[in-house]
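I have placed the structure first, in the form of structure tokens, so that the comments after it can refer back to it.
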Amino acid sequence: MTAISVKNLSIVFGEEDNETKVLDAVSFDVEKGEVFGLVGESGSGKSTVLRCIAGLYTHWTGEIRIDGQPVGAQLTKERCRKIQMVFQDPYGSLHPKHTVQTTLAAPLRIHGIGDIDRRITEVLRDVGLAPHLRFRYPHQLSGGQRQRVAIARALILRPSILLLDEPTSALDVSVQAEVLNVLSDIRDREGLTYLLVSHDLAVIGHMCRRLAVMQQGLIEEVVDYADLSGGRAQQAYSRMLFDASHHYDRSMANDITAARQAGGGTIHGA
Amino acid sequence: MSAQASQGPAKRKKVAFLDREATSVTEAFLQRLLVGIHTFLSNGLAVAGLTIILLLIAVAAFAPWMATHDPNLQNLSMALKPPSSANWFGTDEYGRDIFSRIVYGSRVTLYIVTLVTITVGPIGLIVGTVSGYFGGMVDMIVMRITDLFLAFPGLILTLTFVAILGPGLEQAVLAIALTGWPAIARLARAETMTIRSSDYIAAARLQGASSLRIIFGSIIPVCLSSVIVRLTLGMASVILTAAGLGFLGLGAQPPTPEWGAMTSAGREYMLDSWWLVTAPGVAIMVVSLAFNLFGDGLRDVLDPKSK
């Protein structure tokens, strides 16, 4: 069964005579319980796809289905309970004047869910945060601890789909591994579906079996990670992206620039 | 454990309550508050400002006990007497004791400052955050209205309102409040617009929070500190404007012992009886300076990035 189905998703930003088409007919399917990767260089529209699915952008066109049900542009409480998102920057995604407790209790209050105390204790344990950190403000937490709080906030409504927008790119390498392990453990236990955006192919390789390669608002191809790493990707751009993650030199930089120019002049980055 | 809590310009000794791990939201808030108070108290000038303000409040509260005479009791045989042991600041042209009038005048000053602040603060904050959060047409209409107010010099606009409303203390308060809110609204709007697109607001929306909940729960707490600082710094100018209106005869009416009106009345006798203008003039200066110093100290605690 497909958890997320995206068909011909397009979005345009800007005024009439200065339009920027950030997504151009993006289509892909994510199976239930799968970790699906979305890779591409900066500005290829990866995060924009997540924000459309989450409901943060409302002026997209095309079709988004969640568990087979088409969703509208507007955010509904039901959709909030089904899809949650983890943001890239843990320093900007937590309210500076709210303690961990306040941050985690807010969604439960909004949805009228009782048993706040027990739920928060559970979710803190799930993400591996010590109970004594519960009444701290974000400025009293490290980057890794903040990202765990952000994950806990996304999990507390028990969604079935988690959108991960570069969840580890703002963290240093040792903390990255810890956060990825927390995410893997939770998925194994709860059977969640992840849509993981990253520009780090090592992270994608660690988490995903299938991924979509994006370039300038288009999906280049959907490919198995094994094929991509084995050099069996269909598109030259995908192979180049994979090669670039291993070694990078002047001629490759020129190739990428050339590929971008060939890719189409009207589409620019997000 | 919470070593980070002690971060800040002021070094402080270990305090058991502040250095232990908070066990409730209230306790975490209290710790944060106390660290802020400690930072504030390590700023000498700010403490001086606060002391004067507290003194002013005490004087206003205990005016009947502090005043040596009835502030409105006329005694023409005692008119224009210089400062002496019986009349500490001398007497005015009707023989009223100036010290007692200054003491009672503190009530008028506090009345104006408090009333203006509690009207201007919430109105400016709500108008500014709502306008900044929704943007679009709402924002455009509200901001054009604030432009209209901000296009005139504050005192001129206040004078216009007083001219329309008629002279009097309540009218002066209303006029000052009417001209004061747009600046606060602008400040709150600017701050709202910088945090509106932040990830923690996006996260709140994804949790299903209504606009009302986001504005009151997430945006106002962030804007509040700079608005409080601005209001405190603005209190000095409120005092000066009120005194100015009093001086022009448009504020408090005789025989209310208002400092600006007292300065105005004393002007005619300035050359022979200097104490008539000096006493209320010094009072106005000291109190508005105190509010300025207090506001500066508050800004260092609440809004450290704007320092």
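Chains: A, B, ... in order of the structure tokens. Residues: from 1 per chain. Ligands: from 1, in order shown.
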
Who sits within 9 Å of segment 185-192 of chain B, only C-alpha atoms, same chain under 4 positions skipped, as a ChimeraX atom specification: /B:121,123-133,139,143,146,181,196,215,219-220,222-224,226-227,230

When you get a sec, could you note down which chain A residues fall within 6 Å of chain B, using only C-alpha atoms, as a list in words?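 Every residue of chain A that passes the 6 Å test is in Lys77, Cys80, Gly92, Ser93, Leu94, His95, Pro107, Phe135 and Gln140 of chain A.
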
Restrict the selected residues to C-alpha atoms and save them as a compact mmCIF listing (two decimals), in the first residue's frame.
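Everything below was put into selection-v5.txt:
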```txt
# COMPACT_ATOMS: atom_id res chain seq x y z
CA LYS A 77 -6.10 18.53 12.39
CA CYS A 80 -1.53 16.93 11.52
CA GLY A 92 15.70 27.51 14.73
CA SER A 93 12.96 24.92 15.07
CA LEU A 94 12.41 25.11 18.84
CA HIS A 95 10.65 28.07 20.43
CA PRO A 107 0.28 19.50 20.41
CA PHE A 135 12.20 21.42 32.04
CA GLN A 140 20.32 24.90 27.82
```

Might you pull out every residue within 12 Å of Val175 of chain A, with only C-alpha atoms counted and same-chain residues fewer than 2 positions away left off, and present them as a compact mmCIF listing (two decimals) with N, CA, C and O atoms, in the first residue's frame?
```txt
# COMPACT_ATOMS: atom_id res chain seq x y z
N SER A 142 22.16 20.89 24.00
CA SER A 142 23.11 20.82 22.88
C SER A 142 22.36 20.63 21.58
O SER A 142 21.15 20.36 21.58
N GLY A 143 23.05 20.75 20.46
CA GLY A 143 22.41 20.59 19.15
C GLY A 143 21.73 19.24 19.00
O GLY A 143 20.60 19.16 18.53
N GLY A 144 22.42 18.17 19.40
CA GLY A 144 21.86 16.84 19.29
C GLY A 144 20.63 16.67 20.17
O GLY A 144 19.62 16.08 19.76
N GLN A 145 20.70 17.23 21.38
CA GLN A 145 19.55 17.14 22.29
C GLN A 145 18.36 17.92 21.72
O GLN A 145 17.22 17.47 21.79
N ARG A 146 18.65 19.08 21.13
CA ARG A 146 17.57 19.86 20.53
C ARG A 146 16.90 19.09 19.42
O ARG A 146 15.68 19.08 19.30
N GLN A 147 17.72 18.41 18.56
CA GLN A 147 17.13 17.69 17.45
C GLN A 147 16.28 16.52 17.98
O GLN A 147 15.26 16.19 17.40
N ARG A 148 16.70 15.93 19.08
CA ARG A 148 15.88 14.87 19.68
C ARG A 148 14.56 15.43 20.17
O ARG A 148 13.51 14.78 20.06
N PRO A 167 17.60 16.01 8.60
CA PRO A 167 17.54 16.06 10.06
C PRO A 167 18.91 16.06 10.74
O PRO A 167 19.00 16.35 11.92
N THR A 168 19.95 15.73 10.00
CA THR A 168 21.26 15.62 10.66
C THR A 168 22.29 16.59 10.11
O THR A 168 23.41 16.63 10.61
N SER A 169 21.93 17.39 9.10
CA SER A 169 22.98 18.15 8.43
C SER A 169 23.53 19.29 9.29
O SER A 169 24.61 19.79 9.05
N ALA A 170 22.77 19.69 10.34
CA ALA A 170 23.29 20.76 11.19
C ALA A 170 24.07 20.21 12.38
O ALA A 170 24.48 20.96 13.25
N LEU A 171 24.23 18.88 12.41
CA LEU A 171 24.88 18.27 13.58
C LEU A 171 26.26 17.75 13.21
O LEU A 171 26.52 17.43 12.04
N ASP A 172 27.15 17.61 14.21
CA ASP A 172 28.46 17.05 13.86
C ASP A 172 28.36 15.53 13.73
O ASP A 172 27.38 14.91 14.12
N VAL A 173 29.40 14.93 13.13
CA VAL A 173 29.27 13.57 12.62
C VAL A 173 28.87 12.55 13.69
O VAL A 173 28.01 11.70 13.46
N ALA A 177 25.16 10.24 13.70
CA ALA A 177 24.94 8.79 13.78
C ALA A 177 23.92 8.47 14.87
O ALA A 177 23.02 7.66 14.66
N GLU A 178 24.05 9.12 16.02
CA GLU A 178 23.11 8.87 17.12
C GLU A 178 21.68 9.20 16.70
O GLU A 178 20.76 8.42 16.94
N VAL A 179 21.50 10.35 16.07
CA VAL A 179 20.16 10.77 15.68
C VAL A 179 19.58 9.82 14.63
O VAL A 179 18.41 9.43 14.70
N LEU A 180 20.43 9.40 13.67
CA LEU A 180 19.95 8.45 12.66
C LEU A 180 19.55 7.13 13.30
O LEU A 180 18.54 6.52 12.92
N ASN A 181 20.32 6.68 14.29
CA ASN A 181 19.97 5.44 14.97
C ASN A 181 18.64 5.56 15.72
O ASN A 181 17.82 4.64 15.70
N VAL A 182 18.44 6.71 16.36
CA VAL A 182 17.16 6.95 17.04
C VAL A 182 16.02 6.83 16.04
O VAL A 182 15.02 6.14 16.28
```

Can you pull out the residues contacting Thr102 of chain A? Cut-off 10 Å, using only C-alpha atoms, and skip same-chain residues under 2 positions away; I want them as JSON, numbers by chain. {"A": [95, 97, 98, 99, 100, 104, 105, 106, 107, 134, 135, 136, 137], "B": [25]}

Residues of segment 26-228 of chain A in alpha helix (DSSP H) according to DSSP, as an mmCIF file with N, CA and C atoms, in the first residue's frame?
```cif
data_model
loop_
_atom_site.group_PDB
_atom_site.id
_atom_site.type_symbol
_atom_site.label_atom_id
_atom_site.label_comp_id
_atom_site.auth_asym_id
_atom_site.auth_seq_id
_atom_site.Cartn_x
_atom_site.Cartn_y
_atom_site.Cartn_z
ATOM 1 N N LYS A 46 13.959 19.930 -2.980
ATOM 2 C CA LYS A 46 13.686 18.809 -2.064
ATOM 3 C C LYS A 46 12.816 19.234 -0.880
ATOM 4 N N SER A 47 13.257 20.286 -0.207
ATOM 5 C CA SER A 47 12.520 20.735 0.981
ATOM 6 C C SER A 47 11.139 21.238 0.609
ATOM 7 N N THR A 48 11.032 21.832 -0.580
ATOM 8 C CA THR A 48 9.735 22.352 -1.024
ATOM 9 C C THR A 48 8.727 21.207 -1.162
ATOM 10 N N VAL A 49 9.190 20.051 -1.675
ATOM 11 C CA VAL A 49 8.305 18.891 -1.781
ATOM 12 C C VAL A 49 7.753 18.534 -0.400
ATOM 13 N N LEU A 50 8.647 18.495 0.597
ATOM 14 C CA LEU A 50 8.203 18.157 1.956
ATOM 15 C C LEU A 50 7.193 19.168 2.476
ATOM 16 N N ARG A 51 7.483 20.442 2.246
ATOM 17 C CA ARG A 51 6.590 21.476 2.778
ATOM 18 C C ARG A 51 5.217 21.434 2.117
ATOM 19 N N CYS A 52 5.180 21.023 0.850
ATOM 20 C CA CYS A 52 3.870 20.859 0.185
ATOM 21 C C CYS A 52 3.113 19.689 0.802
ATOM 22 N N ILE A 53 3.819 18.571 1.003
ATOM 23 C CA ILE A 53 3.151 17.387 1.556
ATOM 24 C C ILE A 53 2.679 17.669 2.984
ATOM 25 N N ALA A 54 3.531 18.377 3.751
ATOM 26 C CA ALA A 54 3.183 18.659 5.146
ATOM 27 C C ALA A 54 1.979 19.582 5.248
ATOM 28 N N LYS A 77 -6.646 19.176 11.186
ATOM 29 C CA LYS A 77 -6.103 18.532 12.386
ATOM 30 C C LYS A 77 -5.838 17.043 12.138
ATOM 31 N N GLU A 78 -6.695 16.470 11.305
ATOM 32 C CA GLU A 78 -6.526 15.051 11.001
ATOM 33 C C GLU A 78 -5.196 14.808 10.288
ATOM 34 N N ARG A 79 -4.890 15.729 9.351
ATOM 35 C CA ARG A 79 -3.637 15.614 8.615
ATOM 36 C C ARG A 79 -2.443 15.801 9.562
ATOM 37 N N CYS A 80 -2.596 16.708 10.542
ATOM 38 C CA CYS A 80 -1.525 16.933 11.516
ATOM 39 C C CYS A 80 -1.224 15.663 12.296
ATOM 40 N N ARG A 81 -2.280 14.892 12.588
ATOM 41 C CA ARG A 81 -2.062 13.674 13.362
ATOM 42 C C ARG A 81 -1.442 12.572 12.520
ATOM 43 N N LYS A 82 -1.503 12.729 11.193
ATOM 44 C CA LYS A 82 -0.996 11.693 10.298
ATOM 45 C C LYS A 82 0.424 11.981 9.842
ATOM 46 N N VAL A 100 11.153 22.250 27.146
ATOM 47 C CA VAL A 100 10.860 20.993 26.455
ATOM 48 C C VAL A 100 9.430 20.557 26.776
ATOM 49 N N GLN A 101 9.069 20.650 28.061
ATOM 50 C CA GLN A 101 7.725 20.264 28.499
ATOM 51 C C GLN A 101 6.653 21.052 27.759
ATOM 52 N N THR A 102 6.817 22.375 27.705
ATOM 53 C CA THR A 102 5.818 23.225 27.038
ATOM 54 C C THR A 102 5.711 22.858 25.563
ATOM 55 N N THR A 103 6.882 22.675 24.919
ATOM 56 C CA THR A 103 6.912 22.341 23.495
ATOM 57 C C THR A 103 6.156 21.043 23.224
ATOM 58 N N LEU A 104 6.362 20.035 24.085
ATOM 59 C CA LEU A 104 5.751 18.730 23.831
ATOM 60 C C LEU A 104 4.294 18.677 24.261
ATOM 61 N N ALA A 105 3.916 19.516 25.240
ATOM 62 C CA ALA A 105 2.529 19.480 25.714
ATOM 63 C C ALA A 105 1.592 20.198 24.755
ATOM 64 N N ALA A 106 2.121 21.201 24.014
ATOM 65 C CA ALA A 106 1.263 22.016 23.142
ATOM 66 C C ALA A 106 0.451 21.174 22.155
ATOM 67 N N PRO A 107 1.090 20.271 21.364
ATOM 68 C CA PRO A 107 0.279 19.499 20.415
ATOM 69 C C PRO A 107 -0.785 18.644 21.094
ATOM 70 N N LEU A 108 -0.489 18.110 22.273
ATOM 71 C CA LEU A 108 -1.479 17.278 22.972
ATOM 72 C C LEU A 108 -2.675 18.128 23.383
ATOM 73 N N ARG A 109 -2.402 19.353 23.852
ATOM 74 C CA ARG A 109 -3.503 20.244 24.246
ATOM 75 C C ARG A 109 -4.352 20.595 23.042
ATOM 76 N N ILE A 110 -3.680 20.914 21.903
ATOM 77 C CA ILE A 110 -4.414 21.322 20.703
ATOM 78 C C ILE A 110 -5.380 20.224 20.276
ATOM 79 N N ILE A 116 -1.101 13.798 29.427
ATOM 80 C CA ILE A 116 0.049 14.528 28.897
ATOM 81 C C ILE A 116 1.354 14.062 29.536
ATOM 82 N N ASP A 117 1.312 13.909 30.856
ATOM 83 C CA ASP A 117 2.537 13.582 31.590
ATOM 84 C C ASP A 117 3.149 12.260 31.129
ATOM 85 N N ARG A 118 2.295 11.233 31.021
ATOM 86 C CA ARG A 118 2.801 9.917 30.652
ATOM 87 C C ARG A 118 3.291 9.920 29.200
ATOM 88 N N ARG A 119 2.554 10.586 28.333
ATOM 89 C CA ARG A 119 2.946 10.641 26.920
ATOM 90 C C ARG A 119 4.310 11.298 26.745
ATOM 91 N N ILE A 120 4.536 12.372 27.492
ATOM 92 C CA ILE A 120 5.819 13.067 27.349
ATOM 93 C C ILE A 120 6.953 12.193 27.881
ATOM 94 N N THR A 121 6.716 11.543 29.010
ATOM 95 C CA THR A 121 7.735 10.638 29.553
ATOM 96 C C THR A 121 8.088 9.571 28.526
ATOM 97 N N GLU A 122 7.057 9.004 27.896
ATOM 98 C CA GLU A 122 7.287 7.944 26.903
ATOM 99 C C GLU A 122 8.090 8.452 25.710
ATOM 100 N N VAL A 123 7.673 9.598 25.184
ATOM 101 C CA VAL A 123 8.304 10.062 23.953
ATOM 102 C C VAL A 123 9.745 10.493 24.223
ATOM 103 N N LEU A 124 10.005 11.023 25.413
ATOM 104 C CA LEU A 124 11.384 11.382 25.757
ATOM 105 C C LEU A 124 12.250 10.127 25.814
ATOM 106 N N ARG A 125 11.672 9.047 26.345
ATOM 107 C CA ARG A 125 12.408 7.791 26.407
ATOM 108 C C ARG A 125 12.647 7.272 24.983
ATOM 109 N N ASP A 126 11.639 7.374 24.128
ATOM 110 C CA ASP A 126 11.767 6.887 22.754
ATOM 111 C C ASP A 126 12.918 7.554 22.013
ATOM 112 N N GLY A 143 23.054 20.754 20.457
ATOM 113 C CA GLY A 143 22.415 20.593 19.152
ATOM 114 C C GLY A 143 21.731 19.242 18.998
ATOM 115 N N GLY A 144 22.423 18.174 19.405
ATOM 116 C CA GLY A 144 21.856 16.835 19.289
ATOM 117 C C GLY A 144 20.632 16.671 20.167
ATOM 118 N N GLN A 145 20.698 17.234 21.381
ATOM 119 C CA GLN A 145 19.550 17.144 22.291
ATOM 120 C C GLN A 145 18.364 17.924 21.725
ATOM 121 N N ARG A 146 18.652 19.078 21.134
ATOM 122 C CA ARG A 146 17.572 19.860 20.526
ATOM 123 C C ARG A 146 16.898 19.087 19.416
ATOM 124 N N GLN A 147 17.721 18.411 18.561
ATOM 125 C CA GLN A 147 17.126 17.685 17.455
ATOM 126 C C GLN A 147 16.283 16.520 17.976
ATOM 127 N N ARG A 148 16.701 15.929 19.078
ATOM 128 C CA ARG A 148 15.883 14.866 19.678
ATOM 129 C C ARG A 148 14.555 15.427 20.174
ATOM 130 N N VAL A 149 14.594 16.640 20.736
ATOM 131 C CA VAL A 149 13.341 17.275 21.172
ATOM 132 C C VAL A 149 12.443 17.506 19.956
ATOM 133 N N ALA A 150 13.068 17.959 18.847
ATOM 134 C CA ALA A 150 12.283 18.207 17.629
ATOM 135 C C ALA A 150 11.660 16.908 17.122
ATOM 136 N N ILE A 151 12.408 15.809 17.213
ATOM 137 C CA ILE A 151 11.864 14.515 16.788
ATOM 138 C C ILE A 151 10.736 14.092 17.735
ATOM 139 N N ALA A 152 10.950 14.318 19.027
ATOM 140 C CA ALA A 152 9.920 13.979 20.010
ATOM 141 C C ALA A 152 8.636 14.765 19.735
ATOM 142 N N ARG A 153 8.797 16.041 19.392
ATOM 143 C CA ARG A 153 7.625 16.869 19.089
ATOM 144 C C ARG A 153 6.872 16.317 17.876
ATOM 145 N N ALA A 154 7.646 15.839 16.873
ATOM 146 C CA ALA A 154 7.002 15.276 15.687
ATOM 147 C C ALA A 154 6.303 13.964 16.010
ATOM 148 N N LEU A 155 6.834 13.223 16.999
ATOM 149 C CA LEU A 155 6.295 11.895 17.282
ATOM 150 C C LEU A 155 5.117 11.906 18.243
ATOM 151 N N VAL A 173 29.398 14.934 13.135
ATOM 152 C CA VAL A 173 29.269 13.566 12.619
ATOM 153 C C VAL A 173 28.873 12.547 13.687
ATOM 154 N N SER A 174 29.477 12.634 14.876
ATOM 155 C CA SER A 174 29.166 11.631 15.898
ATOM 156 C C SER A 174 27.706 11.736 16.330
ATOM 157 N N VAL A 175 27.199 12.958 16.427
ATOM 158 C CA VAL A 175 25.805 13.158 16.830
ATOM 159 C C VAL A 175 24.856 12.748 15.705
ATOM 160 N N GLN A 176 25.304 12.962 14.447
ATOM 161 C CA GLN A 176 24.504 12.532 13.289
ATOM 162 C C GLN A 176 24.144 11.061 13.403
ATOM 163 N N ALA A 177 25.156 10.240 13.696
ATOM 164 C CA ALA A 177 24.939 8.794 13.778
ATOM 165 C C ALA A 177 23.922 8.470 14.871
ATOM 166 N N GLU A 178 24.049 9.124 16.016
ATOM 167 C CA GLU A 178 23.109 8.873 17.119
ATOM 168 C C GLU A 178 21.682 9.196 16.699
ATOM 169 N N VAL A 179 21.505 10.353 16.066
ATOM 170 C CA VAL A 179 20.157 10.771 15.680
ATOM 171 C C VAL A 179 19.581 9.817 14.631
ATOM 172 N N LEU A 180 20.430 9.397 13.670
ATOM 173 C CA LEU A 180 19.953 8.450 12.655
ATOM 174 C C LEU A 180 19.545 7.129 13.296
ATOM 175 N N ASN A 181 20.322 6.679 14.290
ATOM 176 C CA ASN A 181 19.968 5.438 14.971
ATOM 177 C C ASN A 181 18.643 5.564 15.721
ATOM 178 N N VAL A 182 18.439 6.713 16.359
ATOM 179 C CA VAL A 182 17.165 6.948 17.044
ATOM 180 C C VAL A 182 16.017 6.834 16.041
ATOM 181 N N LEU A 183 16.207 7.458 14.862
ATOM 182 C CA LEU A 183 15.159 7.420 13.836
ATOM 183 C C LEU A 183 14.913 5.992 13.345
ATOM 184 N N SER A 184 16.002 5.237 13.126
ATOM 185 C CA SER A 184 15.851 3.848 12.664
ATOM 186 C C SER A 184 15.124 2.998 13.698
ATOM 187 N N ASP A 185 15.520 3.147 14.967
ATOM 188 C CA ASP A 185 14.904 2.360 16.033
ATOM 189 C C ASP A 185 13.404 2.620 16.105
ATOM 190 N N ILE A 186 13.034 3.905 16.059
ATOM 191 C CA ILE A 186 11.618 4.258 16.176
ATOM 192 C C ILE A 186 10.829 3.662 15.017
ATOM 193 N N ARG A 187 11.435 3.697 13.822
ATOM 194 C CA ARG A 187 10.736 3.175 12.654
ATOM 195 C C ARG A 187 10.544 1.662 12.773
ATOM 196 N N ASP A 188 11.593 0.976 13.210
ATOM 197 C CA ASP A 188 11.488 -0.478 13.383
ATOM 198 C C ASP A 188 10.371 -0.824 14.354
ATOM 199 N N ARG A 189 10.261 -0.026 15.418
ATOM 200 C CA ARG A 189 9.306 -0.341 16.474
ATOM 201 C C ARG A 189 7.879 0.044 16.088
ATOM 202 N N GLU A 190 7.723 1.235 15.504
ATOM 203 C CA GLU A 190 6.369 1.760 15.273
ATOM 204 C C GLU A 190 5.888 1.551 13.840
ATOM 205 N N LEU A 201 24.727 11.595 0.597
ATOM 206 C CA LEU A 201 24.364 10.256 0.103
ATOM 207 C C LEU A 201 24.737 9.162 1.092
ATOM 208 N N ALA A 202 25.694 9.438 1.984
ATOM 209 C CA ALA A 202 26.034 8.451 2.997
ATOM 210 C C ALA A 202 24.841 8.239 3.934
ATOM 211 N N VAL A 203 24.183 9.345 4.304
ATOM 212 C CA VAL A 203 23.002 9.256 5.163
ATOM 213 C C VAL A 203 21.896 8.497 4.438
ATOM 214 N N ILE A 204 21.671 8.837 3.174
ATOM 215 C CA ILE A 204 20.647 8.157 2.375
ATOM 216 C C ILE A 204 20.955 6.662 2.280
ATOM 217 N N GLY A 205 22.212 6.347 2.004
ATOM 218 C CA GLY A 205 22.607 4.943 1.869
ATOM 219 C C GLY A 205 22.378 4.165 3.147
ATOM 220 N N HIS A 206 22.577 4.837 4.284
ATOM 221 C CA HIS A 206 22.400 4.196 5.577
ATOM 222 C C HIS A 206 20.926 3.931 5.868
ATOM 223 N N MET A 207 20.036 4.826 5.381
ATOM 224 C CA MET A 207 18.631 4.771 5.788
ATOM 225 C C MET A 207 17.702 4.179 4.727
ATOM 226 N N TYR A 225 18.970 2.309 -4.124
ATOM 227 C CA TYR A 225 20.290 2.788 -3.714
ATOM 228 C C TYR A 225 21.373 1.825 -4.192
ATOM 229 N N ALA A 226 21.050 0.533 -4.183
ATOM 230 C CA ALA A 226 22.036 -0.457 -4.620
ATOM 231 C C ALA A 226 22.443 -0.214 -6.071
ATOM 232 N N ASP A 227 21.469 0.134 -6.922
ATOM 233 C CA ASP A 227 21.774 0.419 -8.327
ATOM 234 C C ASP A 227 22.616 1.676 -8.463
ATOM 235 N N LEU A 228 22.233 2.690 -7.653
ATOM 236 C CA LEU A 228 22.957 3.958 -7.734
ATOM 237 C C LEU A 228 24.412 3.753 -7.332
#
```

Asp296 of chain B: which residues within 10 Å, counting only C-alpha atoms, same-chain residues fewer than 5 positions away excluded, as a ChimeraX atom specification? /B:40,43,45-46,49,229-230,232-233,290-291,301,307

Strand (DSSP E) per DSSP on the backbone: members of segment 55-263 of chain A, as JSON, numbers by chain: {"A": [61, 62, 63, 64, 65, 66, 69, 70, 83, 84, 85, 86, 161, 162, 163, 164, 165, 193, 194, 195, 196, 197, 210, 211, 212, 213, 214, 215, 218, 219, 220, 221, 222, 223, 224]}

Please compute the atom CA of Pro82 of chain B-atom CA of Ser273 of chain B distance, one decimal, in Å.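 It comes out at 7.1 Å.
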